[in-house]
Structure formats: C-alpha cells, structure tokens
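Before any comments, here is the structure.
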Amino acid sequence: MKKRIAIVGMGPAGISVLRAMSQYDAYQACQIVIYNNTQTFGTGMPYQKDSDLLLINQTADTMSIDPNNKLDFVNWVKEHKDSNQGPKSFLPRTWYGEYLKSKLDEAIEKMHPEIIYEDARAIRVQEDGRYQVETDQTSQSFDILHLCIGHLAYQDPYNLRGHNNYIHHPYPVQEKLTTFPEGSHIGIIGTGLTSIDLMRFLRNQPKHYDLSFISRSGGFSLYREPETDLTLRYLTLENLEKNRKNGFVPLEKMIEWFRLECQEHGVEFDRLVERFGTGTTPQLREQLETQTDLDIVQTIIGKMDPYIADYMTALKVSDRRLFYSEYESLFHHLRAPMPKQSAERLIEGVDNQEIFVYAGIQSIEPLEDGFTIQLANKSVTIDYLINATGHEMSLSEPERQLPLIAQLVDEYILEAEYNGGAQVIWPSAEAVSQKYGILNNFYVHGQLVQGIQYGNSAHLLMQQATKVVALDYFKNF
C-alpha cells in the first residue's frame with residue numbers, strides 16, 4: 001500500500017519539504033496531500049503579493065531554496081525581474097514570494113500531489129498511530145505528517161483588537177494601510193523589523209502623515225554592515241561536540257568562546273555594546289556616520305546560524321533560561337539588523353521631525369476616534385495605531401493561538417517549549433506529546449520550532465526542512 005503524506009501549510013517550509021521529497025524516487029510513489037488556503041498558497045504570509053517597498057531583511061544570497069545553489073534566488077531575479085541587484089542586496093518580499101511559487105510549481109509538476117485549498121482545522125492521532133487531518137470540508141488519514149503552518153498568531157499586548165482605528169495585523173499593507181486620512185497621526189507599536197517595513201511603506205505614500213514609533217525601550221535594530229571575511233575558531237560545531245559533558249555545554253563556556261572569537265578578530269566587545277547596545281536613534285546615527293567593528297560581530301553571529309539549534313540543545317534548562325533572561329535581547333539586537341537604506345530613512349525622518357520615537361510606554365487608553373498613550377513622564381494622543389509587536393510565540397495559552405494550534409495544544413498533541421513554540425526532538429523535529437510521547441513521523445517546521453531553532457529565518461527553516469525529509473527518507477524507505 002502506498003504511504004500517505006500530508007503537508008499542512010505551503011509557505012517556505014512546506015515548499016522546502018515538497019522540493020526535498022522530489023529528490024527521492026520513493027516519495028514520488030507516495031500519495032501526497034497539501035493543505036493551504038488560496039491567499040498564501042505558495043508564498044506564506046510574509047511573501048504574499050504586496051508592496052515592493054517591503055524588503056526581505058536578509059541578503060539575497062542567503063535566501064536560495066536550493067541547498068546546492070546559493071545564488072539560485074539571485075539568478076532568478078536577474079532572469080525574471082530585469083534586475084542586476086547583487087547577492088548582498090535586500091530585495092522585495094513579493095519578489096521572493098514569486099520565486100517560491102515558481103519553485104513550488106516545479107515540484108508540483110514532478111510530484112503530482114493532491115491540493116486541498118483549505119486550512120486544516122484539526123489534526124488527531126488515531127489508534128493505529130496514523131494522523132487524521134480535518135478541514136471544513138474534508139477528513140483524511142496519513143502515515144506521515146509535516147506541520148508547516150508558518151507564522152503563529154499575532155500578539156495583541158494592549159487588548160486593542162476590534163477598535164476601529166487599530167490595525168491588528170498589518171499585512172498585506174496595500175490592503176490595510178492605504179486609507180488613512182491626510183494629516184493623520186499614525187503610531188506604530190514596536191520597533192522591530194516589522195515596524196521598519198511599515199515606516200518604509202507609509203513614508204512612500206502620496207499623503208502626508210505624522211509617524212510615531214511607540215515602545216517600551218525606544219531601541220531599534222542596528223543596520224546590517226557588509227559581511228566580512230573571517231573563519232570561526234572557537235564557535236564551531238566541532239568545538240561544541242568536543243566539550244559536551246553528559247550531553248551539555250555550560251552557557252558560561254559558550255560566552256567565553258564568543259568573547260574569544262571577538263578578541264581573535266580585534267573587536268572590543270564591551271566597548272561596542274556601550275556604543276550600540278540599545279539601538280537608540282543617536283546610536284543608529286553614529287553607526288551610519290562612523291567606522292565600527294559591527295560588521296565583524298554580525299559576521300560571527302551569522303556564521304553561527306547553521307548551528308544555533310545545536311547550541312540551544314546543548315544548554316541545560318537552567319542555562320537556557322539564563323540566556324533568555326540576561327543575554328537574548330542583546331544577541332537578537334546584534335543578530336537581526338535592518339537594511340542600511342531603512343536606517344537612513346528612519347534617521348532622516350527623525351531629523352526632519354516627521355518621525356517621532358516614544359519610549360517608556362505604560363498603557364494605551366482607547367478613545368472614540370483615537371488613543372491616548374501613557375508614557376513614563378507624559379501622554380501622547382494618536383489617531384491610528386498599527387500593531388507591529390510580532391507573533392505570539394508561547395503555546396502556554398492556546399486560546400490566544402490560531403485554531404489549529406489551539407486544538408493541538410488543548411488535546412495534548414503539542415507541548416509548549418519553555419522559550420517558545422512546541423517541544424520536538426532534534427534534529428528530526430518530531431513532536432513531543434504529553435499524551436502520546438514522541439509522535440513518530442509527525443514533523444514540525446517553521447516558527448513552531450522557534451524554541452530550539454532560535455531566530456528561525458526563512459533560510460534556516462528551509463535548510464532544516466531539507467534535513468528532516470532526508471532523515472524521514474532513511475527511516476521510512
């Protein structure tokens with residue numbers, strides 16, 4: 001009997017899974033069923049059709065879906081967009097969505113899966129160990145399941161959802177952010193990379209707006225310096241494996257390696273943190289105007305990316321908690337910088353008093369036609385608020401999650417990982433269930449493994465999907 005395989009979600013992870021399967025003859029003999037709604041089919045939420053002003057926050061040479069060709073996306077752009085943008089360019093998200101869709105079309109032509117253009121509403125474990133996938137209209141059972149749903153639910157930290165002047169989820173921006181009246185004062189909650197996307201879009205509209213960023217810290221990501229040429233000496237997978245004791249490496253040892261790596265390449269790390277560690281607009285301005293060693297630090301962290309999950313799984317629970325409480329915010333700040341042109345637009349707007357940055361947010365009071373933002377030492381009135389606080393990574397409160405995730409957590413099929421996402425064994429990424437134990441052949445991808453595959457960029461999740469399919473192939477065929 002043919003094996004039946006479900007791929008739930010067809011964004012970057014789902015496409016990577018199907019393309020990886022297409023490399024093995026055994027999968028071509030299986031019955032494969034894909035689940036995804038029509039809006040984000042083949043692109044996922046971040047790369048759906050939208051404004052070209054929204055940029056990928058990774059350079060083009062890191063975004064190839066082909067593990068054997070680093071420049072596959074770059075070459076696709078040259079061929080299909082009449083563009084000579086180089087490998088280190090930051091390209092439009094919607095271009096990447098088109099690229100993904102073209103690669104999906106190739107895989108579909110080869111694999112001939114059944115496509116159900118609906119979102120899965122429930123997944124259940126059957127008595128025979130197979131998995132039942134239910135939509136509003138269908139119900140089917142499978143031997144192997146890949147959960148690739150993409151992004152988790154959007155946060156609503158100030159409970160504003162439903163207010164007429166509040167944009168809870170800003171994408172697609174062409175649909176949701178083009179109807180503000182001329183002269184409106186628009187506030188963006190958050191200062192992460194999503195908020196920078198929104199600024200770029202709003203600043204390019206024909207209408208004039210006053211624009212404010214509102215957050216607790218008032219700090220932004222740094223901008224991404226050009227990558228430097230270096231080789232890691234201490235932060236290597238070989239060093240990690242050599243220093244494991246009972247399977248673990250102390251966080252203190254990893255921090256020592258990081259500092260030695262900086263020292264090896266001439267970086268005064270503490271001085272660098274003092275100058276740029278909070279990402280205030282003066283610090284961003286200084287980065288734009290002076291020579292720094294941030295390129296070296298960003299390169300060191302970037303070269304760790306393929307092994308982030310290995311480092312995380314080598315930490316004891318106590319050390320992982322220490323990392324998140326003491327070091328994660330700085331590590332993320334240095335690891336997730338914005339494109340340089342975005343930083344320049346931000347500083348230009350601040351200097352021209354067209355963009356304002358408010359820190360110390362304490363509460364938001366809804367008004368009939370706007371909001372009062374209570375800060376530490378004053379209040380500000382805003383006409384419209386756009387939520388850019390990101391996704392709800394915790395599964396500990398399933399009622400705040402997407403319906404499918406809520407069902408899986410509520411029925412003890414997925415377990416919440418301490419620092420976000422679901423518990424899985426690594427590197428196979430099979431789900432760990434309080435009720436069923438390790439769920440054989442139930443593979444979890446994307447943001448749902450954020451707790452282990454920290455900083456789960458499209459590039460990392462695509463690489464991981466390819467590894468998972470390879471492990472599945474050697475286990476099941």
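Residues are named by chain letter and number: chains run A, B, ... in the order of the structure tokens, numbers start at 1 in each chain, and ligands are numbered from 1 in the order shown.
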Near-stretch 293-300 of chain A list (7 Å; only C-alpha atoms; drop same-chain fewer than 3 positions) as a PyMOL selection string: chain A and resi 225-228+262+267+303-304+334-335
* Asked: Quick one: residues within 7 Å of stretch 109-124 of chain A, only C-alpha atoms counted, chain neighbours fewer than 6 positions away excluded, as number ranges by chain?
  -> A: 8, 22, 28, 31-38, 131-136, 403-404, 407-408
I'd like to know which residues of stretch 62-131 of chain A are alpha helix (DSSP H) (by DSSP, run on the backbone); could you write them as JSON, numbers by chain? {"A": [72, 73, 74, 75, 76, 77, 78, 79, 80, 93, 94, 95, 96, 97, 98, 99, 100, 101, 102, 103, 104, 105, 106, 107, 108, 109, 110, 111]}
Filtered DSSP result for stretch 332-377 of chain A, state strand (DSSP E or B), as JSON, numbers by chain: {"A": [338, 355, 356, 357, 358, 363, 364, 365, 366, 367, 370, 371, 372, 373, 374]}
Note to self: What does the structure give for the distance between atom CA of A:Ser195 and atom CA of A:Ala416, in Å to one decimal?
What the structure shows: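 So the answer is 27.5 Å.
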Dump as a tab-separated table the rows for residues of stretch 109-178 of chain A within 8 Å of stretch 3-7 of chain A: closest atom pair and distance in Å with one decimal, only C-alpha atoms counted, ordered by chain and rising residue number.
```
residue	atom	partner	partner_atom	distance
A:Ser141	CA	A:Arg4	CA	7.7
A:Phe142	CA	A:Arg4	CA	4.9
A:Asp143	CA	A:Arg4	CA	5.4
A:Ile144	CA	A:Ile5	CA	4.7
A:Leu145	CA	A:Ala6	CA	4.8
A:His146	CA	A:Ile7	CA	4.8
A:Leu147	CA	A:Ile7	CA	6.3
A:Cys148	CA	A:Ile7	CA	6.8
```
Name the residues in contact with A:Ala13 at a cut-off of 6 Å, using only C-alpha atoms, excluding same-chain residues fewer than 2 positions from it; report them as a ChimeraX atom specification.
/A:11,15-16,148,462
Residues at most 9 Å from stretch 197-208 of chain A, counting only C-alpha atoms, excluding those fewer than 6 positions away in the same chain, as a PDB file with all heavy atoms, in the first residue's frame?
```pdb
ATOM      1  N   SER A  51       3.254  45.289  -1.507  1.00  0.00           N
ATOM      2  CA  SER A  51       4.073  46.389  -1.998  1.00  0.00           C
ATOM      3  C   SER A  51       5.528  45.966  -2.177  1.00  0.00           C
ATOM      4  O   SER A  51       6.099  45.253  -1.336  1.00  0.00           O
ATOM      5  CB  SER A  51       4.004  47.558  -1.011  1.00  0.00           C
ATOM      6  OG  SER A  51       4.981  48.535  -1.318  1.00  0.00           O
ATOM      7  N   ASP A  52       6.159  46.446  -3.259  1.00  0.00           N
ATOM      8  CA  ASP A  52       7.581  46.211  -3.479  1.00  0.00           C
ATOM      9  C   ASP A  52       8.456  46.971  -2.488  1.00  0.00           C
ATOM     10  O   ASP A  52       9.675  46.759  -2.435  1.00  0.00           O
ATOM     11  CB  ASP A  52       7.976  46.620  -4.907  1.00  0.00           C
ATOM     12  CG  ASP A  52       7.530  45.605  -5.947  1.00  0.00           C
ATOM     13  OD1 ASP A  52       7.006  44.547  -5.557  1.00  0.00           O
ATOM     14  OD2 ASP A  52       7.701  45.885  -7.153  1.00  0.00           O
ATOM     15  N   LEU A  53       7.863  47.862  -1.702  1.00  0.00           N
ATOM     16  CA  LEU A  53       8.630  48.617  -0.712  1.00  0.00           C
ATOM     17  C   LEU A  53       8.997  47.769   0.505  1.00  0.00           C
ATOM     18  O   LEU A  53       9.863  48.153   1.287  1.00  0.00           O
ATOM     19  CB  LEU A  53       7.836  49.843  -0.252  1.00  0.00           C
ATOM     20  CG  LEU A  53       7.597  50.906  -1.324  1.00  0.00           C
ATOM     21  CD1 LEU A  53       6.571  51.927  -0.838  1.00  0.00           C
ATOM     22  CD2 LEU A  53       8.901  51.597  -1.691  1.00  0.00           C
ATOM     23  N   LEU A  54       8.323  46.635   0.677  1.00  0.00           N
ATOM     24  CA  LEU A  54       8.619  45.754   1.799  1.00  0.00           C
ATOM     25  C   LEU A  54       9.802  44.869   1.426  1.00  0.00           C
ATOM     26  O   LEU A  54       9.735  44.097   0.467  1.00  0.00           O
ATOM     27  CB  LEU A  54       7.403  44.897   2.145  1.00  0.00           C
ATOM     28  CG  LEU A  54       6.095  45.649   2.389  1.00  0.00           C
ATOM     29  CD1 LEU A  54       4.991  44.673   2.759  1.00  0.00           C
ATOM     30  CD2 LEU A  54       6.267  46.710   3.466  1.00  0.00           C
ATOM     31  N   LEU A  55      10.891  44.991   2.167  1.00  0.00           N
ATOM     32  CA  LEU A  55      12.123  44.288   1.816  1.00  0.00           C
ATOM     33  C   LEU A  55      12.347  43.075   2.701  1.00  0.00           C
ATOM     34  O   LEU A  55      11.980  43.059   3.885  1.00  0.00           O
ATOM     35  CB  LEU A  55      13.327  45.224   1.959  1.00  0.00           C
ATOM     36  CG  LEU A  55      13.320  46.501   1.112  1.00  0.00           C
ATOM     37  CD1 LEU A  55      14.602  47.283   1.364  1.00  0.00           C
ATOM     38  CD2 LEU A  55      13.156  46.187  -0.365  1.00  0.00           C
ATOM     39  N   PRO A 170      -0.943  43.970  10.149  1.00  0.00           N
ATOM     40  CA  PRO A 170      -0.763  44.988   9.105  1.00  0.00           C
ATOM     41  C   PRO A 170      -0.619  44.482   7.680  1.00  0.00           C
ATOM     42  O   PRO A 170      -0.587  45.289   6.749  1.00  0.00           O
ATOM     43  CB  PRO A 170       0.526  45.686   9.537  1.00  0.00           C
ATOM     44  CG  PRO A 170       1.295  44.628  10.257  1.00  0.00           C
ATOM     45  CD  PRO A 170       0.282  43.777  10.952  1.00  0.00           C
ATOM     46  N   VAL A 173      -0.026  45.220   3.366  1.00  0.00           N
ATOM     47  CA  VAL A 173      -0.097  46.653   3.635  1.00  0.00           C
ATOM     48  C   VAL A 173      -0.858  47.406   2.551  1.00  0.00           C
ATOM     49  O   VAL A 173      -1.509  48.414   2.826  1.00  0.00           O
ATOM     50  CB  VAL A 173       1.309  47.258   3.809  1.00  0.00           C
ATOM     51  CG1 VAL A 173       2.001  46.678   5.037  1.00  0.00           C
ATOM     52  CG2 VAL A 173       2.170  47.072   2.556  1.00  0.00           C
ATOM     53  N   GLN A 174      -0.789  46.915   1.304  1.00  0.00           N
ATOM     54  CA  GLN A 174      -1.516  47.576   0.216  1.00  0.00           C
ATOM     55  C   GLN A 174      -3.017  47.584   0.479  1.00  0.00           C
ATOM     56  O   GLN A 174      -3.734  48.488   0.051  1.00  0.00           O
ATOM     57  CB  GLN A 174      -1.245  46.859  -1.116  1.00  0.00           C
ATOM     58  CG  GLN A 174       0.170  47.011  -1.638  1.00  0.00           C
ATOM     59  CD  GLN A 174       0.350  48.314  -2.409  1.00  0.00           C
ATOM     60  OE1 GLN A 174      -0.221  49.335  -2.072  1.00  0.00           O
ATOM     61  NE2 GLN A 174       1.181  48.264  -3.443  1.00  0.00           N
ATOM     62  N   LEU A 177      -3.218  49.535   4.820  1.00  0.00           N
ATOM     63  CA  LEU A 177      -2.585  50.774   5.282  1.00  0.00           C
ATOM     64  C   LEU A 177      -2.661  51.901   4.251  1.00  0.00           C
ATOM     65  O   LEU A 177      -1.811  52.789   4.238  1.00  0.00           O
ATOM     66  CB  LEU A 177      -1.112  50.519   5.642  1.00  0.00           C
ATOM     67  CG  LEU A 177      -0.822  49.431   6.672  1.00  0.00           C
ATOM     68  CD1 LEU A 177       0.667  49.397   6.990  1.00  0.00           C
ATOM     69  CD2 LEU A 177      -1.634  49.613   7.950  1.00  0.00           C
ATOM     70  N   THR A 178      -3.685  51.919   3.427  1.00  0.00           N
ATOM     71  CA  THR A 178      -3.766  52.948   2.385  1.00  0.00           C
ATOM     72  C   THR A 178      -4.974  53.862   2.526  1.00  0.00           C
ATOM     73  O   THR A 178      -5.204  54.708   1.655  1.00  0.00           O
ATOM     74  CB  THR A 178      -3.804  52.292   0.987  1.00  0.00           C
ATOM     75  OG1 THR A 178      -4.897  51.360   0.944  1.00  0.00           O
ATOM     76  CG2 THR A 178      -2.505  51.571   0.678  1.00  0.00           C
ATOM     77  N   PHE A 180      -5.742  55.798   5.439  1.00  0.00           N
ATOM     78  CA  PHE A 180      -5.645  56.810   6.482  1.00  0.00           C
ATOM     79  C   PHE A 180      -5.868  58.197   5.887  1.00  0.00           C
ATOM     80  O   PHE A 180      -5.326  58.522   4.824  1.00  0.00           O
ATOM     81  CB  PHE A 180      -4.276  56.783   7.169  1.00  0.00           C
ATOM     82  CG  PHE A 180      -3.944  55.473   7.830  1.00  0.00           C
ATOM     83  CD1 PHE A 180      -2.833  54.746   7.431  1.00  0.00           C
ATOM     84  CD2 PHE A 180      -4.741  54.977   8.846  1.00  0.00           C
ATOM     85  CE1 PHE A 180      -2.514  53.548   8.038  1.00  0.00           C
ATOM     86  CE2 PHE A 180      -4.429  53.773   9.462  1.00  0.00           C
ATOM     87  CZ  PHE A 180      -3.312  53.052   9.059  1.00  0.00           C
ATOM     88  N   PRO A 181      -6.627  59.064   6.555  1.00  0.00           N
ATOM     89  CA  PRO A 181      -6.849  60.424   6.047  1.00  0.00           C
ATOM     90  C   PRO A 181      -5.555  61.252   6.041  1.00  0.00           C
ATOM     91  O   PRO A 181      -4.643  61.027   6.842  1.00  0.00           O
ATOM     92  CB  PRO A 181      -7.859  61.018   7.037  1.00  0.00           C
ATOM     93  CG  PRO A 181      -8.498  59.839   7.701  1.00  0.00           C
ATOM     94  CD  PRO A 181      -7.440  58.779   7.759  1.00  0.00           C
ATOM     95  N   GLU A 182      -5.493  62.191   5.116  1.00  0.00           N
ATOM     96  CA  GLU A 182      -4.371  63.129   5.037  1.00  0.00           C
ATOM     97  C   GLU A 182      -4.157  63.804   6.387  1.00  0.00           C
ATOM     98  O   GLU A 182      -5.101  64.237   7.049  1.00  0.00           O
ATOM     99  CB  GLU A 182      -4.664  64.190   3.979  1.00  0.00           C
ATOM    100  CG  GLU A 182      -3.652  65.304   3.873  1.00  0.00           C
ATOM    101  CD  GLU A 182      -2.413  64.895   3.102  1.00  0.00           C
ATOM    102  OE1 GLU A 182      -2.526  64.018   2.228  1.00  0.00           O
ATOM    103  OE2 GLU A 182      -1.347  65.479   3.369  1.00  0.00           O
ATOM    104  N   GLY A 183      -2.876  63.876   6.813  1.00  0.00           N
ATOM    105  CA  GLY A 183      -2.538  64.570   8.048  1.00  0.00           C
ATOM    106  C   GLY A 183      -2.735  63.770   9.312  1.00  0.00           C
ATOM    107  O   GLY A 183      -2.560  64.306  10.418  1.00  0.00           O
ATOM    108  N   SER A 184      -3.086  62.476   9.196  1.00  0.00           N
ATOM    109  CA  SER A 184      -3.290  61.655  10.390  1.00  0.00           C
ATOM    110  C   SER A 184      -1.985  61.481  11.168  1.00  0.00           C
ATOM    111  O   SER A 184      -0.896  61.470  10.598  1.00  0.00           O
ATOM    112  CB  SER A 184      -3.812  60.274   9.998  1.00  0.00           C
ATOM    113  OG  SER A 184      -5.068  60.343   9.377  1.00  0.00           O
ATOM    114  N   ILE A 188       3.020  53.442  15.418  1.00  0.00           N
ATOM    115  CA  ILE A 188       3.408  52.049  15.204  1.00  0.00           C
ATOM    116  C   ILE A 188       3.872  51.497  16.552  1.00  0.00           C
ATOM    117  O   ILE A 188       4.813  52.026  17.150  1.00  0.00           O
ATOM    118  CB  ILE A 188       4.530  51.931  14.165  1.00  0.00           C
ATOM    119  CG1 ILE A 188       4.069  52.492  12.816  1.00  0.00           C
ATOM    120  CG2 ILE A 188       4.978  50.481  14.008  1.00  0.00           C
ATOM    121  CD1 ILE A 188       5.167  52.539  11.758  1.00  0.00           C
ATOM    122  N   SER A 342      16.987  51.471   5.099  1.00  0.00           N
ATOM    123  CA  SER A 342      15.888  51.673   6.046  1.00  0.00           C
ATOM    124  C   SER A 342      16.348  52.521   7.230  1.00  0.00           C
ATOM    125  O   SER A 342      15.615  53.400   7.701  1.00  0.00           O
ATOM    126  CB  SER A 342      15.349  50.330   6.530  1.00  0.00           C
ATOM    127  OG  SER A 342      14.799  49.587   5.464  1.00  0.00           O
ATOM    128  N   ARG A 345      16.465  56.096   6.130  1.00  0.00           N
ATOM    129  CA  ARG A 345      15.142  56.712   6.054  1.00  0.00           C
ATOM    130  C   ARG A 345      14.621  57.063   7.441  1.00  0.00           C
ATOM    131  O   ARG A 345      13.988  58.105   7.650  1.00  0.00           O
ATOM    132  CB  ARG A 345      14.153  55.768   5.364  1.00  0.00           C
ATOM    133  CG  ARG A 345      14.386  55.539   3.882  1.00  0.00           C
ATOM    134  CD  ARG A 345      14.237  56.805   3.061  1.00  0.00           C
ATOM    135  NE  ARG A 345      12.933  57.418   3.158  1.00  0.00           N
ATOM    136  CZ  ARG A 345      11.876  57.085   2.421  1.00  0.00           C
ATOM    137  NH1 ARG A 345      11.978  56.117   1.522  1.00  0.00           N
ATOM    138  NH2 ARG A 345      10.727  57.719   2.566  1.00  0.00           N
ATOM    139  N   LEU A 346      14.876  56.196   8.408  1.00  0.00           N
ATOM    140  CA  LEU A 346      14.439  56.442   9.778  1.00  0.00           C
ATOM    141  C   LEU A 346      15.112  57.688  10.349  1.00  0.00           C
ATOM    142  O   LEU A 346      14.434  58.583  10.882  1.00  0.00           O
ATOM    143  CB  LEU A 346      14.753  55.221  10.647  1.00  0.00           C
ATOM    144  CG  LEU A 346      14.548  55.376  12.158  1.00  0.00           C
ATOM    145  CD1 LEU A 346      13.098  55.702  12.483  1.00  0.00           C
ATOM    146  CD2 LEU A 346      14.992  54.111  12.886  1.00  0.00           C
ATOM    147  N   GLY A 349      13.887  60.912   8.759  1.00  0.00           N
ATOM    148  CA  GLY A 349      12.581  61.321   9.255  1.00  0.00           C
ATOM    149  C   GLY A 349      12.641  61.906  10.654  1.00  0.00           C
ATOM    150  O   GLY A 349      11.945  62.881  10.966  1.00  0.00           O
ATOM    151  N   ILE A 386      -0.970  51.005  14.618  1.00  0.00           N
ATOM    152  CA  ILE A 386      -0.682  49.789  13.859  1.00  0.00           C
ATOM    153  C   ILE A 386       0.158  48.870  14.746  1.00  0.00           C
ATOM    154  O   ILE A 386       1.167  49.281  15.309  1.00  0.00           O
ATOM    155  CB  ILE A 386       0.104  50.100  12.576  1.00  0.00           C
ATOM    156  CG1 ILE A 386      -0.611  51.167  11.742  1.00  0.00           C
ATOM    157  CG2 ILE A 386       0.297  48.828  11.749  1.00  0.00           C
ATOM    158  CD1 ILE A 386       0.208  51.660  10.564  1.00  0.00           C
ATOM    159  N   ALA A 388       2.784  46.261  15.498  1.00  0.00           N
ATOM    160  CA  ALA A 388       3.989  45.654  14.918  1.00  0.00           C
ATOM    161  C   ALA A 388       4.775  44.930  16.010  1.00  0.00           C
ATOM    162  O   ALA A 388       6.009  44.915  16.000  1.00  0.00           O
ATOM    163  CB  ALA A 388       4.854  46.711  14.251  1.00  0.00           C
TER     164      ALA A 388
END
```
